[in-house]
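Undergrad: Got a structure for you, upload_26.txt, holding compact mmCIF, C-alpha atoms.
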```txt
# COMPACT_ATOMS: atom_id res chain seq x y z
CA MET A 105 65.03 204.16 180.17
CA SER A 106 66.97 205.37 177.16
CA THR A 107 67.25 203.59 173.84
CA GLN A 108 70.98 203.25 174.43
CA GLN A 109 70.49 201.60 177.82
CA ARG A 110 68.06 199.07 176.37
CA ALA A 111 70.39 198.32 173.48
CA ARG A 112 73.24 197.76 175.90
CA LEU A 113 71.24 195.10 177.75
CA ARG A 114 70.32 193.35 174.51
CA GLU A 115 73.70 193.47 172.84
CA ALA A 116 76.26 193.08 175.64
CA PRO A 117 78.68 190.23 174.79
CA LEU A 118 79.61 187.44 177.19
CA PRO A 119 82.93 188.41 178.83
CA ARG A 120 85.86 186.08 178.48
CA THR A 121 86.37 185.76 182.23
CA GLY A 122 83.78 185.47 184.95
CA ALA A 123 82.68 188.15 187.39
CA GLU A 124 82.17 188.20 191.14
CA LEU A 125 78.62 187.44 192.29
CA GLY A 126 78.55 190.68 194.26
CA GLY A 127 78.34 192.53 190.97
CA LEU A 128 74.90 191.01 190.39
CA LEU A 129 73.41 193.16 193.15
CA ASP A 130 74.93 196.29 191.66
CA PHE A 131 73.68 195.35 188.18
CA VAL A 132 70.10 194.83 189.36
CA ARG A 133 70.10 198.00 191.47
CA GLU A 134 71.43 200.16 188.64
CA GLU A 135 70.17 198.57 185.42
CA ILE A 136 67.01 196.59 186.24
CA ALA A 137 65.12 197.77 189.32
CA PRO A 138 64.76 201.44 188.23
CA TYR A 139 63.23 200.39 184.91
CA SER A 140 60.52 197.90 185.81
CA THR A 141 56.96 198.08 184.52
CA GLY A 142 56.02 200.08 187.59
CA ASN A 143 53.32 197.69 188.80
CA GLY A 144 54.79 197.70 192.30
CA HIS A 145 53.78 201.34 192.77
CA PRO A 146 50.42 201.95 194.53
CA ALA A 147 49.42 204.44 191.80
CA PHE A 148 49.78 201.84 189.02
CA PHE A 149 46.31 201.31 187.52
CA ALA A 150 47.06 200.13 183.99
CA TRP A 151 46.64 196.35 183.92
CA VAL A 152 45.82 193.48 186.26
CA ASN A 153 49.47 193.24 187.19
CA SER A 154 49.86 192.99 190.95
CA PRO A 155 52.97 193.59 193.05
CA PRO A 156 54.45 190.48 194.70
CA ALA A 157 53.51 189.75 198.29
CA PRO A 158 56.49 189.28 200.67
CA ALA A 159 55.50 185.69 201.52
CA GLY A 160 55.70 184.69 197.88
CA ILE A 161 59.06 186.40 197.33
CA ILE A 162 60.65 184.53 200.23
CA ALA A 163 59.06 181.24 199.20
CA GLU A 164 60.28 181.56 195.60
CA LEU A 165 63.85 182.00 196.77
CA LEU A 166 63.62 178.96 199.03
CA ALA A 167 61.99 176.80 196.35
CA SER A 168 64.70 177.80 193.88
CA ALA A 169 67.30 176.59 196.36
CA VAL A 170 65.52 173.25 196.76
CA ASN A 171 65.33 173.06 192.93
CA ALA A 172 62.94 170.10 192.76
CA THR A 173 60.96 169.62 189.57
CA CYS A 174 57.20 169.35 189.96
CA GLY A 175 56.77 167.26 186.84
CA MET A 176 58.03 163.70 187.17
CA GLY A 177 59.01 161.59 190.14
CA GLU A 178 57.75 162.33 193.64
CA ASN A 179 58.86 165.04 196.03
CA ALA A 180 57.34 167.20 198.73
CA LEU A 181 56.75 170.19 196.45
CA MET A 182 54.52 168.10 194.19
CA ASP A 183 52.26 167.41 197.16
CA VAL A 184 52.40 171.10 198.08
CA GLU A 185 51.17 171.85 194.57
CA ARG A 186 48.34 169.33 194.87
CA GLY A 187 47.40 170.92 198.17
CA THR A 188 47.38 174.47 196.83
CA VAL A 189 45.24 173.36 193.88
CA ARG A 190 42.69 172.02 196.37
CA MET A 191 42.82 175.29 198.34
CA LEU A 192 42.13 177.30 195.17
CA ALA A 193 39.30 174.94 194.20
CA ASP A 194 37.70 175.40 197.61
CA LEU A 195 37.97 179.19 197.40
CA ALA A 196 36.51 179.11 193.88
CA GLY A 197 33.52 177.02 194.91
CA LEU A 198 34.44 173.89 192.93
CA PRO A 199 33.70 170.31 194.08
CA ASP A 200 35.94 168.35 196.46
CA SER A 201 36.89 166.08 193.57
CA THR A 202 38.67 168.93 191.78
CA GLY A 203 42.27 168.52 190.71
CA GLY A 204 44.43 170.47 188.34
CA VAL A 205 47.82 171.95 187.80
CA LEU A 206 49.68 175.21 188.31
CA THR A 207 50.75 177.00 185.14
CA SER A 208 52.82 179.99 184.08
CA GLY A 209 49.64 182.08 183.89
CA GLY A 210 46.15 182.32 182.45
CA SER A 211 47.24 182.00 178.83
CA MET A 212 48.78 178.57 179.46
CA ALA A 213 45.82 177.51 181.59
CA ASN A 214 43.39 178.45 178.80
CA LEU A 215 45.49 176.53 176.28
CA LEU A 216 45.42 173.42 178.46
CA ALA A 217 41.67 173.80 178.96
CA LEU A 218 40.88 173.99 175.23
CA ALA A 219 43.18 171.05 174.46
CA THR A 220 41.47 169.03 177.20
CA ALA A 221 38.02 169.98 175.93
CA ARG A 222 38.96 168.90 172.42
CA THR A 223 40.26 165.51 173.57
CA TRP A 224 37.18 164.96 175.75
CA PHE A 225 34.80 165.87 172.96
CA LEU A 226 36.43 163.82 170.21
CA THR A 227 37.05 160.82 172.46
CA GLY A 228 33.40 160.88 173.47
CA ARG A 229 32.42 160.72 169.80
CA GLY A 230 34.78 157.82 169.18
CA SER A 231 36.93 159.98 166.93
CA GLY A 232 40.06 160.33 169.02
CA ASP A 233 42.31 159.14 166.19
CA GLY A 234 42.40 158.08 162.57
CA PRO A 235 40.22 159.29 159.69
CA THR A 236 37.31 160.09 162.02
CA TYR A 237 39.60 162.46 163.95
CA ASP A 238 40.44 164.34 160.78
CA ARG A 239 36.80 164.50 159.77
CA ASP A 240 35.49 165.71 163.13
CA HIS A 241 38.37 168.02 164.01
CA ALA A 242 37.71 169.91 160.81
CA ARG A 243 34.23 170.79 162.11
CA LEU A 244 35.03 171.79 165.71
CA THR A 245 33.61 175.19 166.65
CA LEU A 246 34.45 177.33 169.69
CA TYR A 247 32.33 180.04 171.37
CA TYR A 248 33.33 182.88 173.68
CA SER A 249 32.24 186.40 174.55
CA ALA A 250 33.41 189.29 172.41
CA GLN A 251 34.84 190.58 175.71
CA ALA A 252 36.99 187.46 176.24
CA HIS A 253 40.73 187.75 176.79
CA MET A 254 42.84 187.45 173.64
CA SER A 255 44.53 184.35 175.09
CA VAL A 256 41.38 182.37 174.22
CA THR A 257 41.77 182.91 170.48
CA LYS A 258 45.53 182.40 170.75
CA ALA A 259 44.91 179.05 172.48
CA ALA A 260 42.40 178.10 169.79
CA ALA A 261 45.01 178.76 167.12
CA CYS A 262 47.54 176.65 169.01
CA ILE A 263 45.26 173.60 168.98
CA GLY A 264 44.60 174.01 165.27
CA LEU A 265 41.25 175.80 165.10
CA PRO A 266 41.08 178.27 162.20
CA ALA A 267 39.58 181.72 162.68
CA HIS A 268 36.48 180.90 160.63
CA ARG A 269 35.39 178.37 163.26
CA LEU A 270 35.70 180.77 166.19
CA ARG A 271 32.55 182.55 167.34
CA ALA A 272 32.88 185.82 169.23
CA VAL A 273 29.41 186.09 170.77
CA PRO A 274 28.11 189.63 171.37
CA ALA A 275 27.90 190.97 174.91
CA ASP A 276 24.78 192.46 176.47
CA GLU A 277 24.39 195.99 177.82
CA HIS A 278 26.29 194.93 180.96
CA ASP A 279 29.25 193.58 178.94
CA ARG A 280 28.28 189.99 179.78
CA LEU A 281 28.07 187.23 177.20
CA ASP A 282 24.57 187.33 175.66
CA SER A 283 23.04 183.90 176.34
CA ALA A 284 20.38 184.29 173.64
CA ALA A 285 23.00 185.18 171.04
CA LEU A 286 25.06 182.16 172.13
CA ARG A 287 22.09 179.82 171.72
CA ALA A 288 21.39 181.22 168.27
CA ALA A 289 25.01 180.80 167.16
CA VAL A 290 25.19 177.21 168.41
CA THR A 291 21.88 176.31 166.78
CA ALA A 292 22.98 177.78 163.45
CA ASP A 293 26.25 175.86 163.51
CA LEU A 294 24.55 172.58 164.41
CA ASP A 295 22.14 173.08 161.51
CA ALA A 296 25.16 173.70 159.25
CA GLY A 297 26.72 170.37 160.24
CA LEU A 298 29.47 171.83 162.45
CA LEU A 299 30.49 170.49 165.86
CA PRO A 300 30.18 172.98 168.75
CA PHE A 301 32.57 171.53 171.32
CA CYS A 302 33.30 174.26 173.90
CA THR A 303 32.07 177.59 175.23
CA VAL A 304 34.36 179.88 177.24
CA THR A 305 32.87 182.28 179.75
CA THR A 306 34.84 185.07 181.40
CA LEU A 307 34.74 185.81 185.12
CA GLY A 308 36.05 189.35 185.32
CA THR A 309 36.54 190.70 181.81
CA THR A 310 39.75 192.62 181.21
CA ALA A 311 38.03 195.72 179.83
CA THR A 312 35.23 196.30 182.33
CA GLY A 313 35.33 193.57 185.01
CA ALA A 314 32.07 191.90 183.95
CA VAL A 315 31.10 188.33 184.93
CA ASP A 316 29.43 186.16 182.28
CA PRO A 317 26.28 184.17 183.18
CA LEU A 318 27.39 180.74 184.36
CA THR A 319 24.19 178.74 184.83
CA GLU A 320 22.69 179.62 181.45
CA VAL A 321 25.87 178.66 179.63
CA THR A 322 26.29 175.40 181.54
CA ASP A 323 22.68 174.44 180.77
CA LEU A 324 23.27 175.04 177.06
CA CYS A 325 26.53 173.09 177.14
CA ARG A 326 24.84 170.12 178.79
CA ARG A 327 22.01 170.10 176.24
CA THR A 328 24.36 170.30 173.27
CA GLY A 329 27.24 168.16 174.55
CA MET A 330 29.76 170.98 174.90
CA TRP A 331 32.51 171.60 177.44
CA HIS A 332 32.13 174.74 179.59
CA HIS A 333 35.43 176.43 180.43
CA ALA A 334 35.39 179.52 182.64
CA ASP A 335 38.30 181.92 182.30
CA GLY A 336 38.58 183.35 185.80
CA ALA A 337 42.18 184.49 185.50
CA TRP A 338 41.20 187.72 187.26
CA GLY A 339 37.84 186.93 188.83
CA GLY A 340 37.96 183.18 189.43
CA LEU A 341 37.78 183.49 193.22
CA GLY A 342 34.66 185.66 193.34
CA ALA A 343 32.62 182.95 195.03
CA ALA A 344 34.69 183.54 198.19
CA VAL A 345 33.45 187.14 198.47
CA PRO A 346 29.90 187.65 199.83
CA ALA A 347 29.26 190.71 197.64
CA LEU A 348 30.17 188.79 194.48
CA ALA A 349 28.95 185.29 195.37
CA PRO A 350 25.47 185.64 193.78
CA LEU A 351 27.13 186.11 190.38
CA TYR A 352 28.96 182.80 190.86
CA ARG A 353 25.99 180.52 191.39
CA GLY A 354 26.65 177.44 189.33
CA VAL A 355 30.42 177.84 189.24
CA GLY A 356 30.76 174.35 190.69
CA ASP A 357 29.21 172.91 187.54
CA VAL A 358 31.78 174.20 185.03
CA ASP A 359 34.09 171.66 183.42
CA SER A 360 37.25 173.70 183.97
CA LEU A 361 38.30 177.01 185.49
CA THR A 362 41.35 179.23 185.02
CA VAL A 363 42.60 181.18 188.05
CA ASP A 364 45.64 183.47 188.21
CA PRO A 365 46.99 183.80 191.76
CA HIS A 366 49.59 186.25 190.44
CA LYS A 367 46.70 188.60 189.71
CA THR A 368 44.18 188.39 192.53
CA LEU A 369 46.47 187.18 195.32
CA SER A 370 49.75 188.96 194.48
CA VAL A 371 51.75 185.76 194.16
CA PRO A 372 54.93 186.59 192.18
CA VAL A 373 54.49 186.52 188.41
CA GLY A 374 54.46 183.08 186.85
CA CYS A 375 51.66 181.43 188.84
CA GLY A 376 48.37 180.55 187.17
CA ALA A 377 46.19 177.48 187.62
CA LEU A 378 43.82 175.25 185.70
CA LEU A 379 41.22 173.59 187.93
CA VAL A 380 39.19 170.63 186.65
CA PRO A 381 36.43 168.97 188.73
CA ASP A 382 37.24 165.65 187.04
CA PRO A 383 41.07 165.64 186.73
CA GLU A 384 41.00 162.41 184.73
CA HIS A 385 40.14 164.53 181.72
CA LEU A 386 43.56 166.20 182.06
CA HIS A 387 45.30 162.84 182.29
CA THR A 388 43.50 161.61 179.17
CA ALA A 389 44.70 164.64 177.26
CA PHE A 390 48.29 164.89 178.49
CA ALA A 391 49.56 161.63 180.02
CA HIS A 392 52.29 160.23 177.77
CA ARG A 393 54.55 157.31 178.64
CA ALA A 394 58.26 156.68 178.10
CA SER A 395 60.51 153.85 179.22
CA TYR A 396 62.79 156.30 181.03
CA LEU A 397 59.87 157.80 182.99
CA THR A 398 58.09 155.22 185.12
CA ALA A 399 56.35 155.59 188.46
CA GLY A 400 58.03 153.75 191.32
CA GLU A 401 54.89 152.42 193.05
CA PRO A 402 51.85 150.89 191.36
CA ASP A 403 49.47 152.92 193.55
CA ALA A 404 51.40 156.19 193.17
CA LEU A 405 49.49 159.35 192.31
CA PRO A 406 49.65 160.48 188.67
CA TRP A 407 52.64 162.68 188.06
CA LEU A 408 51.79 166.33 187.55
CA SER A 409 53.39 166.18 184.11
CA HIS A 410 50.44 163.95 183.17
CA ALA A 411 48.13 166.96 183.61
CA THR A 412 50.01 169.46 181.43
CA ILE A 413 52.38 169.76 178.50
CA GLU A 414 55.35 170.57 180.75
CA LEU A 415 57.66 167.82 182.00
CA THR A 416 60.27 169.83 183.90
CA ARG A 417 58.23 172.22 186.04
CA PRO A 418 59.42 174.69 188.70
CA GLY A 419 58.44 174.20 192.32
CA THR A 420 58.52 177.96 192.86
CA ARG A 421 54.86 178.30 191.83
CA ALA A 422 53.68 175.82 194.42
CA LEU A 423 55.63 177.13 197.39
CA ALA A 424 55.01 180.80 196.58
CA LEU A 425 51.27 180.14 196.33
CA TRP A 426 51.25 177.98 199.46
CA ALA A 427 53.09 180.63 201.48
CA THR A 428 50.78 183.40 200.26
CA LEU A 429 47.62 181.44 201.01
CA ARG A 430 48.87 180.38 204.43
CA HIS A 431 49.82 183.98 205.22
CA LEU A 432 46.41 185.29 204.17
CA GLY A 433 44.09 182.51 205.29
CA ARG A 434 40.60 182.26 203.84
CA ALA A 435 39.48 185.43 205.64
CA GLY A 436 42.52 187.29 204.34
CA VAL A 437 41.74 186.33 200.74
CA THR A 438 38.23 187.70 201.12
CA THR A 439 39.47 190.87 202.82
CA LEU A 440 42.05 191.49 200.09
CA ILE A 441 39.49 191.27 197.29
CA GLU A 442 37.04 193.40 199.25
CA HIS A 443 39.77 196.04 199.63
CA TYR A 444 40.00 196.28 195.85
CA LEU A 445 36.22 196.40 195.45
CA THR A 446 35.94 199.22 198.00
CA LEU A 447 38.66 201.26 196.30
CA ALA A 448 36.99 200.75 192.92
CA ASP A 449 33.68 202.05 194.29
CA GLN A 450 35.48 205.09 195.66
CA LEU A 451 37.24 205.72 192.36
CA ARG A 452 33.97 205.53 190.44
CA ASP A 453 32.43 208.01 192.89
CA LYS A 454 35.34 210.39 192.42
CA ILE A 455 35.05 210.17 188.64
CA THR A 456 31.30 210.78 188.79
CA ALA A 457 31.80 213.80 191.06
CA GLN A 458 34.30 215.41 188.66
CA PRO A 459 32.51 217.56 186.02
CA ARG A 460 35.25 217.02 183.46
CA LEU A 461 35.08 213.23 183.65
CA GLU A 462 32.39 210.75 182.68
CA LEU A 463 32.15 207.20 184.05
CA LEU A 464 31.28 204.74 181.28
CA ALA A 465 31.61 201.23 182.67
CA GLY A 466 33.11 199.15 185.42
CA GLY A 467 32.36 196.25 187.68
CA PRO A 468 31.60 194.15 189.47
CA TRP A 469 35.36 193.52 189.48
CA PRO A 470 37.46 196.56 190.47
CA VAL A 471 37.88 198.56 187.30
CA ALA A 472 36.63 201.93 186.06
CA CYS A 473 36.39 202.98 182.42
CA PHE A 474 35.94 206.71 181.93
CA ARG A 475 36.35 209.52 179.45
CA ILE A 476 37.22 213.19 179.46
CA THR A 477 34.48 215.54 178.43
CA HIS A 478 36.00 217.78 175.79
CA PRO A 479 34.40 220.30 173.43
CA GLY A 480 36.56 219.47 170.43
CA GLY A 481 39.09 217.09 168.95
CA ALA A 482 39.03 213.38 168.23
CA ALA A 483 38.07 211.58 171.44
CA ASP A 484 40.11 208.45 170.68
CA ASP A 485 43.26 210.46 170.02
CA LEU A 486 42.64 212.62 173.09
CA HIS A 487 42.44 209.69 175.47
CA ALA A 488 45.48 208.01 173.97
CA ARG A 489 47.44 211.26 174.42
CA VAL A 490 46.26 211.73 177.99
CA ALA A 491 47.19 208.18 178.98
CA ARG A 492 50.62 208.61 177.45
CA ARG A 493 51.22 211.92 179.24
CA VAL A 494 50.25 210.39 182.58
CA GLN A 495 52.63 207.49 181.94
CA VAL A 496 55.53 209.74 180.94
CA ALA A 497 55.02 212.03 183.95
CA GLY A 498 55.67 208.98 186.12
CA ARG A 499 53.53 209.83 189.15
CA ALA A 500 50.67 207.49 188.22
CA TYR A 501 50.04 204.98 185.44
CA LEU A 502 46.89 204.00 183.59
CA ALA A 503 46.03 202.67 180.14
CA THR A 504 43.30 202.87 177.52
CA VAL A 505 40.77 200.32 176.34
CA ALA A 506 38.02 200.13 173.72
CA VAL A 507 34.48 200.36 175.13
CA ASN A 508 31.66 200.40 172.60
CA ASP A 509 34.24 201.07 169.89
CA ARG A 510 35.55 204.15 171.69
CA THR A 511 39.03 204.52 173.17
CA VAL A 512 38.63 205.50 176.82
CA LEU A 513 40.74 205.56 179.97
CA ARG A 514 40.78 202.44 182.13
CA ALA A 515 41.96 202.10 185.72
CA CYS A 516 41.95 198.81 187.60
CA LEU A 517 42.66 198.16 191.27
CA CYS A 518 45.00 195.26 192.04
CA ASN A 519 47.67 196.62 194.39
CA TYR A 520 47.34 195.89 198.12
CA ARG A 521 49.30 199.10 198.87
CA THR A 522 46.89 201.42 197.02
CA THR A 523 45.00 203.97 199.16
CA THR A 524 42.45 206.71 198.55
CA ASP A 525 45.34 209.17 198.26
CA ASP A 526 46.49 207.29 195.16
CA LEU A 527 42.99 207.58 193.69
CA ASP A 528 43.10 211.34 194.16
CA LEU A 529 46.55 211.44 192.60
CA LEU A 530 45.28 209.58 189.55
CA ILE A 531 42.39 212.02 189.05
CA ARG A 532 44.74 215.00 189.34
CA GLU A 533 47.20 213.51 186.88
CA VAL A 534 44.50 212.76 184.31
CA LEU A 535 43.08 216.28 184.52
CA HIS A 536 46.53 217.84 184.35
CA ALA A 537 47.35 215.76 181.26
CA ALA A 538 44.05 216.77 179.67
CA ASP A 539 44.85 220.44 180.19
CA ALA A 540 47.47 220.26 177.47
CA ASP A 541 44.59 220.00 174.97
CA GLY A 542 42.54 222.90 176.38
CA PRO A 543 39.79 224.08 176.88
CA PRO A 544 40.47 227.75 177.65
CA ARG A 545 41.66 228.37 181.18
CA SER A 546 38.45 230.12 182.25
CA SER A 547 36.42 226.95 181.72
CA ARG A 548 38.69 224.68 183.73
CA THR A 549 37.77 223.61 187.23
CA SER A 550 39.07 225.94 189.89
CA GLY A 551 41.82 224.87 192.27
CA ARG A 552 43.22 222.20 189.99
CA HIS A 553 46.58 220.70 190.92
CA THR A 554 49.64 220.89 188.72
CA ALA A 555 52.63 218.63 188.48
CA ASP A 556 54.47 220.90 190.93
CA ASP A 557 51.85 220.24 193.61
CA HIS A 558 53.09 216.67 194.04
```
Written as structure tokens, that's how I'd like the structure from this file.
TA:
Amino acid sequence: MSTQQRARLREAPLPRTGAELGGLLDFVREEIAPYSTGNGHPAFFAWVNSPPAPAGIIAELLASAVNATCGMGENALMDVERGTVRMLADLAGLPDSTGGVLTSGGSMANLLALATARTWFLTGRGSGDGPTYDRDHARLTLYYSAQAHMSVTKAAACIGLPAHRLRAVPADEHDRLDSAALRAAVTADLDAGLLPFCTVTTLGTTATGAVDPLTEVTDLCRRTGMWHHADGAWGGLGAAVPALAPLYRGVGDVDSLTVDPHKTLSVPVGCGALLVPDPEHLHTAFAHRASYLTAGEPDALPWLSHATIELTRPGTRALALWATLRHLGRAGVTTLIEHYLTLADQLRDKITAQPRLELLAGGPWPVACFRITHPGGAADDLHARVARRVQVAGRAYLATVAVNDRTVLRACLCNYRTTTDDLDLLIREVLHAADADGPPRSSRTSGRHTADDH
């Protein structure tokens, strides 16, 4: 998309007279659809950014027509949301008591989780307000893996935690949070008079797809009075998959869990979830009263706005998720995730079999981090150039990531339309892009494909 086209979209004035609705279809076909991120294409491997499933697309349109808010009052879509939250909790391996709320995505879910943890911790100390609040809030300390998603530190900033009270705990050789390093950091902070209040684990790290140890962290949190939040935006449903389930032992004991159905389940963008085994903690943190907002029946369920910071909330999340889950069924959810895992194993095998490529990390969630073996040049610059060339060529799409302080190529699998042919295409595109840097032609692999071959 040209700079001029983008400027035209940003700067176009509102016309004096209205236009026919039919022009909307032409506008989207000509100005929007050709210039999307590209995540709908089966050879898109850059981020955990899934294409929308048809069931969710249809459901979003229908929910928009109904136009009921899932915040205050009572309507059918609010009960649909409560039902889908229970379905997600069951898939994730959380207790039957679990409640929660749908969000715009994992970033909002993580923000709600940290705010809830803070309220729970301070209320439990009797410092929910007044001078004791100021005193104790100034000592709150948060822990998370160095591999955690950046939304964790953003959420910490939003609830007023300064950077010097955030602890990025080192990861082990498998890119999982190091439990011993976590214990040491918590012990040091307790000795210094600080207040460790929450540890965040990651279930499916963005860079390499690692799953942090759940049981060890929960045990430490129980001993030290901390909240354990698990960020499973990508990998929160791993307990439903037999191959991954052993890594999720103890998931039912966490205090809160983030899940992003718009990642793992291909619900249209804008559908995350925060699941809390004891939903009263959400109500304590977020239920605010007003004379113009009163429940009609004394035994009515808490409004969903009492579990989040949103009051007016779209029903599109609930119906799109409900339709997708009903279309898949429990077996379909498992099969979908297993499809991604199988493709990731195949991609890693293809990388390993290619002499010019080296597999560095990946898994158990479906991602592969790899580098190009090259006799000269700066490796970081090389991989950035190769990724950019692949993107510009437009036949496949992948990104870079830092692994052990090195910039490498990263490909993740999150498109239900992806096949082994797309994996082969990605390998060809990467090698073709690398050829622009050399080495001499005689040392290249024989029979390589060029852009003209596809």
Undergrad: Neighbours of Thr223 of chain A within 9 Å (all atoms listed in the file; same-chain residues fewer than 5 positions away dropped), as a short mmCIF file (atom, residue, chain, number, x, y, z; two decimals) with C-alpha atoms, keeping the file's coordinate frame?
TA:
```cif
data_model
loop_
_atom_site.label_atom_id
_atom_site.label_comp_id
_atom_site.auth_asym_id
_atom_site.auth_seq_id
_atom_site.Cartn_x
_atom_site.Cartn_y
_atom_site.Cartn_z
CA LEU A 218 40.88 173.99 175.23
CA GLY A 228 33.40 160.88 173.47
CA GLY A 232 40.06 160.33 169.02
CA HIS A 385 40.14 164.53 181.72
CA THR A 388 43.50 161.61 179.17
CA ALA A 389 44.70 164.64 177.26
#
```
Undergrad: Smallest atom-to-atom distance to Ser211 of chain A: which of A:Ala252, A:Leu535, A:Leu195, A:Leu324, using all atoms listed in the file?
TA: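 Between A:Ala252, A:Leu535, A:Leu195, A:Leu324, the residue approaching Ser211 of chain A most closely is A:Ala252.
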Undergrad: Show me as a list in words the residues that reach within 7 Å of (52.3, 202.5, 183.1), counting only C-alpha atoms and using the file's own coordinates.
TA: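 Counting only C-alpha atoms, I find these residues within 7 Å of (52.3, 202.5, 183.1): Thr141, Gly142, Phe148, Ala150, Gln495, Tyr501, Leu502 and Ala503 of chain A.
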Undergrad: Counting only C-alpha atoms, what is within 9 Å of segment 504-509 of chain A, bar same-chain residues fewer than 5 positions away, as a ChimeraX atom specification?
TA: /A:150,311-312,464-465,473,487-488,491,514-515
Undergrad: So that I can see what lies close to segment 333-346 of chain A, please list as a PyMOL selection string the residues with an atom at most 9 Å from it, counting only C-alpha atoms and leaving out residues fewer than 4 positions away in the same chain.
TA: chain A and resi 152+192-197+209-211+213-214+217-218+221+252-253+256+302-310+313+315-316+318+350-353+355+358-365+367-368+376-377+434+437-439+441-442+469
Undergrad: Find the spatial neighbours of segment 276-291 of chain A, counting all atoms listed in the file, within a cut-off of 7 Å - ignore same-chain residues fewer than 5 positions away - and output them as a list in words.
TA: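 Here the answer would be Ser249, Pro300, Ala314, Val315, Asp316, Pro317, Glu320 and Val321 of chain A.
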Undergrad: Write the selection just made, keeping C-alpha atoms, as a short mmCIF file (atom, residue, chain, number, x, y, z; two decimals), keeping the file's coordinate frame?
TA:
```cif
data_model
loop_
_atom_site.label_atom_id
_atom_site.label_comp_id
_atom_site.auth_asym_id
_atom_site.auth_seq_id
_atom_site.Cartn_x
_atom_site.Cartn_y
_atom_site.Cartn_z
CA SER A 249 32.24 186.40 174.55
CA PRO A 300 30.18 172.98 168.75
CA ALA A 314 32.07 191.90 183.95
CA VAL A 315 31.10 188.33 184.93
CA ASP A 316 29.43 186.16 182.28
CA PRO A 317 26.28 184.17 183.18
CA GLU A 320 22.69 179.62 181.45
CA VAL A 321 25.87 178.66 179.63
#
```
Undergrad: I'd like the interatomic distance between atom CA of Glu115 of chain A and atom CA of Leu129 of chain A, to a tenth of an Å.
TA: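 One can read the atom CA of Glu115 of chain A to atom CA of Leu129 of chain A distance as 20.3 Å.
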Undergrad: List every protein, DNA or RNA residue that has an atom no more than 7 Å from (68.2, 203.7, 182.1) in the file's coordinate frame, counting all atoms listed in the file, and report them as a ChimeraX atom specification.
TA: /A:105-106,109,135,139
Undergrad: How many Å separate atom CA of Leu415 of chain A from atom CA of Leu379 of chain A?
TA: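 Straight-line distance from atom CA of Leu415 of chain A to atom CA of Leu379 of chain A works out to 18.4 Å.
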Undergrad: Between atom CA of Phe149 of chain A and atom CA of Ser370 of chain A, measure the distance and give it in Å to one decimal.
TA: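 Value for the atom CA of Phe149 of chain A-atom CA of Ser370 of chain A distance: 14.6 Å.
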Undergrad: Pick out the residues sitting within 12 Å of Asp525 of chain A, and hand them over as a PDB file with C-alpha atoms, keeping the file's coordinate frame; count all atoms listed in the file, and ignore anything fewer than 2 positions along from it in its own chain.
TA:
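Okay, this is what ended up in around_16.pdb:
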```pdb
ATOM      1  CA  PRO A 146      50.420 201.950 194.530  1.00  0.00           C
ATOM      2  CA  ALA A 147      49.420 204.440 191.800  1.00  0.00           C
ATOM      3  CA  LEU A 447      38.660 201.260 196.300  1.00  0.00           C
ATOM      4  CA  GLN A 450      35.480 205.090 195.660  1.00  0.00           C
ATOM      5  CA  LEU A 451      37.240 205.720 192.360  1.00  0.00           C
ATOM      6  CA  LYS A 454      35.340 210.390 192.420  1.00  0.00           C
ATOM      7  CA  ALA A 500      50.670 207.490 188.220  1.00  0.00           C
ATOM      8  CA  ARG A 521      49.300 199.100 198.870  1.00  0.00           C
ATOM      9  CA  THR A 522      46.890 201.420 197.020  1.00  0.00           C
ATOM     10  CA  THR A 523      45.000 203.970 199.160  1.00  0.00           C
ATOM     11  CA  LEU A 527      42.990 207.580 193.690  1.00  0.00           C
ATOM     12  CA  ASP A 528      43.100 211.340 194.160  1.00  0.00           C
ATOM     13  CA  LEU A 529      46.550 211.440 192.600  1.00  0.00           C
ATOM     14  CA  LEU A 530      45.280 209.580 189.550  1.00  0.00           C
ATOM     15  CA  ILE A 531      42.390 212.020 189.050  1.00  0.00           C
ATOM     16  CA  ARG A 532      44.740 215.000 189.340  1.00  0.00           C
ATOM     17  CA  HIS A 558      53.090 216.670 194.040  1.00  0.00           C
TER      18      HIS A 558
END
```
Undergrad: Quick one: 3 Å padding each side, axis-aligned, all listed atoms of segment 106-122 of chain A - centre and edge lengths in Å to one decimal, as lines of an AutoDock Vina configuration file?
TA:
```
center_x = 76.7
center_y = 195.4
center_z = 178.9
size_x = 25.4
size_y = 25.9
size_z = 18.1
```
Undergrad: Restricting the calculation to only C-alpha atoms: of A:Pro372, A:Gly203, A:Pro459, A:Pro119, which residue gets closest to Met191 of chain A?
TA: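 Distance minimum relative to Met191 of chain A lands on A:Gly203.
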Undergrad: Counting all atoms listed in the file, figure out which residue out of A:Ile136, A:Leu298, A:Met330, A:His387 gets nearest to Arg110 of chain A.
TA: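 Closest to Arg110 of chain A of all the choices is A:Ile136.
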Undergrad: Closest to Ala427 of chain A among A:Arg243, A:Leu463, A:Ala163, A:Glu134, using all atoms listed in the file?
TA: A:Ala163
Undergrad: For Leu408 of chain A, which residue among A:Arg114, A:His443, A:Arg186, A:Arg271 is the nearest when counting only C-alpha atoms?
TA: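 Closest candidate: A:Arg186.
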Undergrad: Kindly indicate which residue among A:Leu215, A:Leu265, A:Leu198, A:Leu299 lies nearest to Asp240 of chain A, using all atoms listed in the file for the distances.
TA: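 Selected residue with least distance to Asp240 of chain A: A:Leu299.
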